[in-house]
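J.: The structure's right below; bear with me while I get my questions together.
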Amino acid sequence: MEKICINAEELRLIYSYALSHCKEVCPQDRDPKACLAMMKIGKLINIFPPCVKSYGYFKKNFLKKMLKEIEVREGRNIKRFIEEMKHRTPRNLQEYEDSIDSEFIYKILKILEGEENA
């Protein structure tokens with residue numbers, strides 16, 4: 001991959017622009033790869049997206065704990081729950097939130113595991 005040079009001011013400007021996406025359309029329209037990139041850039045410039053605390057700064061052990069809590073609450077394996085939610089409407093607000101979070105967290109973990117194996 002080709003390296004590109006950008007100064008800190010330009011990076012902050014672009015990051016600030018991207019944060020408006022986070023604030024306006026998340027969680028309805030989010031891309032796990034983009035979210036991880038935002039978190040990494042946030043570390044560099046010490047400005048984080050609004051969700052990082054909720055997701056434990058995307059640390060694997062924290063995310064795995066979140067998935068385990070959803071499994072317990074929903075009473076089934078996370079893969080099965082995610083698949084089920086693709087085929088039916090959530091029954092209540094908690095199930096809706098769990099549906100959104102579980103799919104997102106599952107994808108984030110797959111990306112993080114892929115980075116470790118690269």
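Quick note on naming: the chains in the structure tokens go A, B, ... in the order shown, residues restart at 1 in each chain, and ligands are numbered from 1 in order of appearance.
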Show which residues sit within 10 Å of range 74-77 of chain A, as a PyMOL selection string. Count only C-alpha atoms, and ignore same-chain residues fewer than 3 positions away.
T.: chain A and resi 67-71+80-82+94-95+98-99
J.: So that I can check the surroundings of Lys43 in chain A, please list as a list in words every protein, DNA and RNA residue that reaches within 12 Å of it, counting only C-alpha atoms and ignoring chain neighbours fewer than 5 positions away.
T.: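 Here the answer would be Arg12, Tyr15, Leu36, Ala37, Met38, Phe48, Pro49, Val52, Tyr57 and Phe58 of chain A.
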J.: Which is closer to Lys86 in chain A than all the others in A:Leu109, A:Gln28, A:Ile100, A:Arg73, using only C-alpha atoms?
T.: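 Closest residue, counting only C-alpha atoms: A:Ile100.
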J.: CA of Ser16 in chain A to CA of Arg30 in chain A: how many Å, to one decimal?
T.: 16.4 Å
J.: Just list as a short mmCIF file (atom, residue, chain, number, x, y, z; two decimals) with N, CA, C and O atoms, in the first residue's frame whatever in chain A DSSP marks as alpha helix (DSSP H).
T.:
data_model
loop_
_atom_site.label_atom_id
_atom_site.label_comp_id
_atom_site.auth_asym_id
_atom_site.auth_seq_id
_atom_site.Cartn_x
_atom_site.Cartn_y
_atom_site.Cartn_z
N ALA A 8 -1.06 17.31 10.30
CA ALA A 8 -2.00 17.12 11.41
C ALA A 8 -3.24 17.99 11.26
O ALA A 8 -4.35 17.56 11.57
N GLU A 9 -3.08 19.19 10.79
CA GLU A 9 -4.22 20.10 10.61
C GLU A 9 -5.21 19.53 9.58
O GLU A 9 -6.42 19.54 9.79
N GLU A 10 -4.67 19.02 8.48
CA GLU A 10 -5.53 18.42 7.44
C GLU A 10 -6.23 17.17 7.98
O GLU A 10 -7.42 16.95 7.71
N LEU A 11 -5.51 16.38 8.75
CA LEU A 11 -6.09 15.17 9.33
C LEU A 11 -7.24 15.52 10.27
O LEU A 11 -8.31 14.92 10.22
N ARG A 12 -7.02 16.52 11.12
CA ARG A 12 -8.08 16.96 12.04
C ARG A 12 -9.29 17.48 11.27
O ARG A 12 -10.44 17.23 11.66
N LEU A 13 -9.06 18.20 10.20
CA LEU A 13 -10.14 18.75 9.39
C LEU A 13 -10.98 17.63 8.78
O LEU A 13 -12.22 17.63 8.88
N ILE A 14 -10.33 16.66 8.19
CA ILE A 14 -11.03 15.53 7.58
C ILE A 14 -11.75 14.71 8.66
O ILE A 14 -12.89 14.29 8.49
N TYR A 15 -11.07 14.51 9.78
CA TYR A 15 -11.65 13.74 10.88
C TYR A 15 -12.90 14.43 11.42
O TYR A 15 -13.93 13.78 11.65
N SER A 16 -12.82 15.72 11.59
CA SER A 16 -13.97 16.49 12.06
C SER A 16 -15.15 16.35 11.10
O SER A 16 -16.29 16.20 11.51
N TYR A 17 -14.85 16.38 9.83
CA TYR A 17 -15.87 16.21 8.79
C TYR A 17 -16.51 14.82 8.91
O TYR A 17 -17.72 14.68 8.87
N ALA A 18 -15.69 13.81 9.09
CA ALA A 18 -16.19 12.44 9.22
C ALA A 18 -16.99 12.25 10.51
O ALA A 18 -17.95 11.48 10.53
N LEU A 19 -16.63 12.95 11.57
CA LEU A 19 -17.37 12.85 12.83
C LEU A 19 -18.82 13.29 12.67
O LEU A 19 -19.71 12.78 13.35
N SER A 20 -19.06 14.21 11.74
CA SER A 20 -20.44 14.64 11.52
C SER A 20 -21.28 13.46 11.03
O SER A 20 -22.45 13.35 11.37
N HIS A 21 -20.68 12.56 10.26
CA HIS A 21 -21.38 11.34 9.83
C HIS A 21 -21.74 10.50 11.05
O HIS A 21 -22.87 10.03 11.18
N CYS A 22 -20.78 10.33 11.95
CA CYS A 22 -21.02 9.55 13.17
C CYS A 22 -22.21 10.13 13.95
O CYS A 22 -23.09 9.39 14.38
N LYS A 23 -22.21 11.42 14.11
CA LYS A 23 -23.22 12.07 14.94
C LYS A 23 -24.59 12.09 14.28
O LYS A 23 -25.59 12.08 14.97
N GLU A 24 -24.63 12.07 12.97
CA GLU A 24 -25.91 12.20 12.26
C GLU A 24 -26.56 10.88 11.88
O GLU A 24 -27.77 10.77 11.93
N VAL A 25 -25.79 9.88 11.48
CA VAL A 25 -26.41 8.67 10.94
C VAL A 25 -26.08 7.36 11.67
O VAL A 25 -26.61 6.33 11.32
N PRO A 32 -18.30 -0.99 9.96
CA PRO A 32 -17.33 -1.37 10.98
C PRO A 32 -15.88 -1.03 10.63
O PRO A 32 -15.13 -0.59 11.50
N LYS A 33 -15.49 -1.19 9.38
CA LYS A 33 -14.12 -0.84 8.99
C LYS A 33 -13.86 0.65 9.15
O LYS A 33 -12.81 1.06 9.63
N ALA A 34 -14.82 1.46 8.75
CA ALA A 34 -14.68 2.91 8.89
C ALA A 34 -14.66 3.30 10.37
O ALA A 34 -13.90 4.19 10.77
N CYS A 35 -15.47 2.64 11.18
CA CYS A 35 -15.50 2.93 12.61
C CYS A 35 -14.15 2.63 13.25
O CYS A 35 -13.65 3.40 14.08
N LEU A 36 -13.56 1.52 12.89
CA LEU A 36 -12.23 1.18 13.42
C LEU A 36 -11.19 2.19 12.97
O LEU A 36 -10.32 2.59 13.75
N ALA A 37 -11.28 2.61 11.72
CA ALA A 37 -10.34 3.63 11.21
C ALA A 37 -10.51 4.94 11.98
O ALA A 37 -9.52 5.58 12.35
N MET A 38 -11.76 5.31 12.24
CA MET A 38 -12.02 6.53 13.01
C MET A 38 -11.42 6.43 14.41
O MET A 38 -10.84 7.39 14.93
N MET A 39 -11.55 5.27 15.03
CA MET A 39 -11.00 5.08 16.36
C MET A 39 -9.46 5.19 16.33
O MET A 39 -8.87 5.82 17.19
N LYS A 40 -8.84 4.60 15.31
CA LYS A 40 -7.38 4.65 15.20
C LYS A 40 -6.90 6.09 14.99
O LYS A 40 -5.92 6.51 15.59
N ILE A 41 -7.59 6.81 14.13
CA ILE A 41 -7.23 8.21 13.90
C ILE A 41 -7.47 9.01 15.18
O ILE A 41 -6.67 9.87 15.55
N GLY A 42 -8.58 8.71 15.85
CA GLY A 42 -8.87 9.38 17.12
C GLY A 42 -7.75 9.23 18.13
O GLY A 42 -7.42 10.17 18.85
N LYS A 43 -7.15 8.05 18.17
CA LYS A 43 -6.01 7.82 19.07
C LYS A 43 -4.85 8.74 18.70
O LYS A 43 -4.17 9.28 19.56
N LEU A 44 -4.62 8.89 17.39
CA LEU A 44 -3.51 9.72 16.93
C LEU A 44 -3.68 11.19 17.31
O LEU A 44 -2.71 11.87 17.67
N ILE A 45 -4.90 11.69 17.19
CA ILE A 45 -5.13 13.12 17.40
C ILE A 45 -5.86 13.42 18.71
O ILE A 45 -6.18 14.57 19.00
N LYS A 60 -10.85 -5.98 22.17
CA LYS A 60 -11.47 -7.29 21.92
C LYS A 60 -12.13 -7.89 23.15
O LYS A 60 -13.25 -8.38 23.06
N ASN A 61 -11.46 -7.84 24.29
CA ASN A 61 -12.04 -8.48 25.48
C ASN A 61 -13.33 -7.77 25.91
O ASN A 61 -14.27 -8.42 26.35
N PHE A 62 -13.40 -6.46 25.76
CA PHE A 62 -14.60 -5.72 26.10
C PHE A 62 -15.74 -6.08 25.14
O PHE A 62 -16.87 -6.32 25.56
N LEU A 63 -15.44 -6.15 23.85
CA LEU A 63 -16.45 -6.49 22.85
C LEU A 63 -16.96 -7.91 23.02
O LEU A 63 -18.16 -8.17 22.90
N LYS A 64 -16.07 -8.84 23.33
CA LYS A 64 -16.49 -10.22 23.58
C LYS A 64 -17.40 -10.30 24.80
O LYS A 64 -18.37 -11.05 24.80
N LYS A 65 -17.11 -9.50 25.81
CA LYS A 65 -17.96 -9.46 27.01
C LYS A 65 -19.34 -8.93 26.63
O LYS A 65 -20.36 -9.44 27.10
N MET A 66 -19.39 -7.91 25.78
CA MET A 66 -20.68 -7.37 25.34
C MET A 66 -21.50 -8.43 24.60
O MET A 66 -22.70 -8.55 24.82
N LEU A 67 -20.84 -9.17 23.71
CA LEU A 67 -21.55 -10.23 22.98
C LEU A 67 -22.07 -11.31 23.93
O LEU A 67 -23.18 -11.80 23.77
N LYS A 68 -21.27 -11.66 24.92
CA LYS A 68 -21.68 -12.67 25.90
C LYS A 68 -22.90 -12.18 26.67
O LYS A 68 -23.84 -12.95 26.90
N GLU A 69 -22.94 -10.90 27.03
CA GLU A 69 -24.10 -10.34 27.73
C GLU A 69 -25.35 -10.41 26.86
O GLU A 69 -26.44 -10.70 27.36
N ILE A 70 -25.19 -10.15 25.57
CA ILE A 70 -26.34 -10.24 24.65
C ILE A 70 -26.81 -11.69 24.55
O ILE A 70 -28.01 -11.96 24.56
N GLU A 71 -25.86 -12.63 24.45
CA GLU A 71 -26.22 -14.04 24.39
C GLU A 71 -27.04 -14.44 25.61
O GLU A 71 -28.07 -15.12 25.49
N VAL A 72 -26.61 -14.02 26.78
CA VAL A 72 -27.33 -14.36 28.02
C VAL A 72 -28.72 -13.72 28.01
O VAL A 72 -29.72 -14.38 28.27
N ARG A 73 -28.76 -12.44 27.66
CA ARG A 73 -30.04 -11.72 27.66
C ARG A 73 -31.03 -12.30 26.65
O ARG A 73 -32.20 -12.45 26.91
N GLU A 74 -30.51 -12.67 25.47
CA GLU A 74 -31.38 -13.17 24.39
C GLU A 74 -31.55 -14.69 24.43
O GLU A 74 -32.36 -15.24 23.69
N ILE A 78 -24.81 -16.10 19.74
CA ILE A 78 -24.83 -14.79 19.06
C ILE A 78 -25.01 -14.94 17.55
O ILE A 78 -25.74 -14.15 16.93
N LYS A 79 -24.37 -15.94 16.94
CA LYS A 79 -24.54 -16.14 15.49
C LYS A 79 -25.98 -16.46 15.16
O LYS A 79 -26.53 -15.94 14.18
N ARG A 80 -26.58 -17.30 15.97
CA ARG A 80 -27.98 -17.66 15.75
C ARG A 80 -28.91 -16.46 15.94
O ARG A 80 -29.85 -16.25 15.17
N PHE A 81 -28.62 -15.67 16.96
CA PHE A 81 -29.42 -14.47 17.21
C PHE A 81 -29.32 -13.49 16.04
O PHE A 81 -30.33 -12.97 15.57
N ILE A 82 -28.11 -13.24 15.57
CA ILE A 82 -27.91 -12.32 14.44
C ILE A 82 -28.68 -12.81 13.22
O ILE A 82 -29.37 -12.04 12.55
N GLU A 83 -28.55 -14.09 12.94
CA GLU A 83 -29.24 -14.67 11.77
C GLU A 83 -30.76 -14.56 11.92
O GLU A 83 -31.47 -14.22 10.97
N GLU A 84 -31.25 -14.84 13.10
CA GLU A 84 -32.69 -14.76 13.36
C GLU A 84 -33.20 -13.33 13.15
O GLU A 84 -34.28 -13.13 12.57
N MET A 85 -32.43 -12.35 13.59
CA MET A 85 -32.85 -10.95 13.47
C MET A 85 -32.88 -10.47 12.01
O MET A 85 -33.54 -9.50 11.69
N LYS A 86 -32.16 -11.16 11.15
CA LYS A 86 -32.19 -10.82 9.72
C LYS A 86 -33.52 -11.23 9.08
O LYS A 86 -33.88 -10.71 8.04
N HIS A 87 -34.22 -12.15 9.74
CA HIS A 87 -35.43 -12.73 9.15
C HIS A 87 -36.73 -12.33 9.86
O HIS A 87 -37.80 -12.74 9.42
N LEU A 93 -37.77 -3.05 22.27
CA LEU A 93 -36.64 -2.14 22.11
C LEU A 93 -35.32 -2.80 22.47
O LEU A 93 -34.32 -2.62 21.76
N GLN A 94 -35.29 -3.59 23.54
CA GLN A 94 -34.05 -4.25 23.94
C GLN A 94 -33.56 -5.21 22.85
O GLN A 94 -32.38 -5.24 22.53
N GLU A 95 -34.47 -5.98 22.28
CA GLU A 95 -34.10 -6.90 21.22
C GLU A 95 -33.60 -6.13 19.99
O GLU A 95 -32.66 -6.56 19.33
N TYR A 96 -34.22 -5.00 19.71
CA TYR A 96 -33.78 -4.15 18.60
C TYR A 96 -32.35 -3.65 18.83
O TYR A 96 -31.49 -3.75 17.95
N GLU A 97 -32.09 -3.13 20.03
CA GLU A 97 -30.75 -2.65 20.37
C GLU A 97 -29.74 -3.79 20.33
O GLU A 97 -28.63 -3.62 19.81
N ASP A 98 -30.11 -4.94 20.88
CA ASP A 98 -29.21 -6.09 20.86
C ASP A 98 -28.92 -6.54 19.42
O ASP A 98 -27.80 -6.93 19.10
N SER A 99 -29.92 -6.45 18.58
CA SER A 99 -29.75 -6.83 17.18
C SER A 99 -28.72 -5.93 16.49
O SER A 99 -27.81 -6.41 15.82
N ILE A 100 -28.87 -4.63 16.67
CA ILE A 100 -27.94 -3.67 16.07
C ILE A 100 -26.54 -3.86 16.62
O ILE A 100 -25.56 -3.94 15.88
N ASP A 101 -26.43 -3.92 17.95
CA ASP A 101 -25.12 -4.04 18.59
C ASP A 101 -24.43 -5.35 18.26
O ASP A 101 -23.23 -5.38 17.98
N SER A 102 -25.17 -6.46 18.30
CA SER A 102 -24.53 -7.76 18.11
C SER A 102 -23.92 -7.88 16.71
O SER A 102 -22.79 -8.35 16.57
N GLU A 103 -24.64 -7.46 15.70
CA GLU A 103 -24.10 -7.56 14.35
C GLU A 103 -22.87 -6.68 14.17
O GLU A 103 -21.87 -7.09 13.60
N PHE A 104 -22.94 -5.45 14.69
CA PHE A 104 -21.82 -4.52 14.61
C PHE A 104 -20.59 -5.06 15.35
O PHE A 104 -19.49 -5.11 14.80
N ILE A 105 -20.79 -5.47 16.59
CA ILE A 105 -19.67 -5.98 17.39
C ILE A 105 -19.07 -7.23 16.76
O ILE A 105 -17.84 -7.39 16.71
N TYR A 106 -19.92 -8.12 16.28
CA TYR A 106 -19.44 -9.34 15.64
C TYR A 106 -18.54 -9.01 14.44
O TYR A 106 -17.46 -9.58 14.29
N LYS A 107 -18.96 -8.05 13.63
CA LYS A 107 -18.16 -7.64 12.47
C LYS A 107 -16.85 -6.98 12.89
O LYS A 107 -15.80 -7.23 12.30
N ILE A 108 -16.91 -6.14 13.92
CA ILE A 108 -15.69 -5.49 14.43
C ILE A 108 -14.69 -6.55 14.90
O ILE A 108 -13.50 -6.48 14.57
N LEU A 109 -15.16 -7.54 15.64
CA LEU A 109 -14.27 -8.60 16.13
C LEU A 109 -13.64 -9.37 14.98
O LEU A 109 -12.46 -9.72 15.03
N LYS A 110 -14.40 -9.65 13.94
CA LYS A 110 -13.86 -10.37 12.77
C LYS A 110 -12.75 -9.55 12.11
O LYS A 110 -11.72 -10.08 11.70
N ILE A 111 -12.96 -8.24 12.01
CA ILE A 111 -11.95 -7.36 11.42
C ILE A 111 -10.70 -7.35 12.29
O ILE A 111 -9.57 -7.48 11.78
N LEU A 112 -10.87 -7.20 13.60
CA LEU A 112 -9.72 -7.17 14.51
C LEU A 112 -8.94 -8.49 14.47
O LEU A 112 -7.71 -8.48 14.47
N GLU A 113 -9.65 -9.60 14.42
CA GLU A 113 -8.98 -10.90 14.33
C GLU A 113 -8.25 -11.04 13.00
O GLU A 113 -7.16 -11.60 12.95
N GLY A 114 -8.81 -10.51 11.93
CA GLY A 114 -8.15 -10.52 10.63
C GLY A 114 -6.88 -9.69 10.63
O GLY A 114 -5.88 -10.08 10.01
N GLU A 115 -6.88 -8.56 11.31
CA GLU A 115 -5.70 -7.71 11.40
C GLU A 115 -4.59 -8.42 12.16
O GLU A 115 -3.42 -8.30 11.82
N GLU A 116 -4.96 -9.17 13.19
CA GLU A 116 -3.97 -9.90 13.98
C GLU A 116 -3.31 -11.00 13.16
O GLU A 116 -2.14 -11.31 13.33
N ASN A 117 -4.09 -11.59 12.24
CA ASN A 117 -3.57 -12.70 11.45
C ASN A 117 -2.91 -12.25 10.16
O ASN A 117 -2.39 -13.07 9.41
#
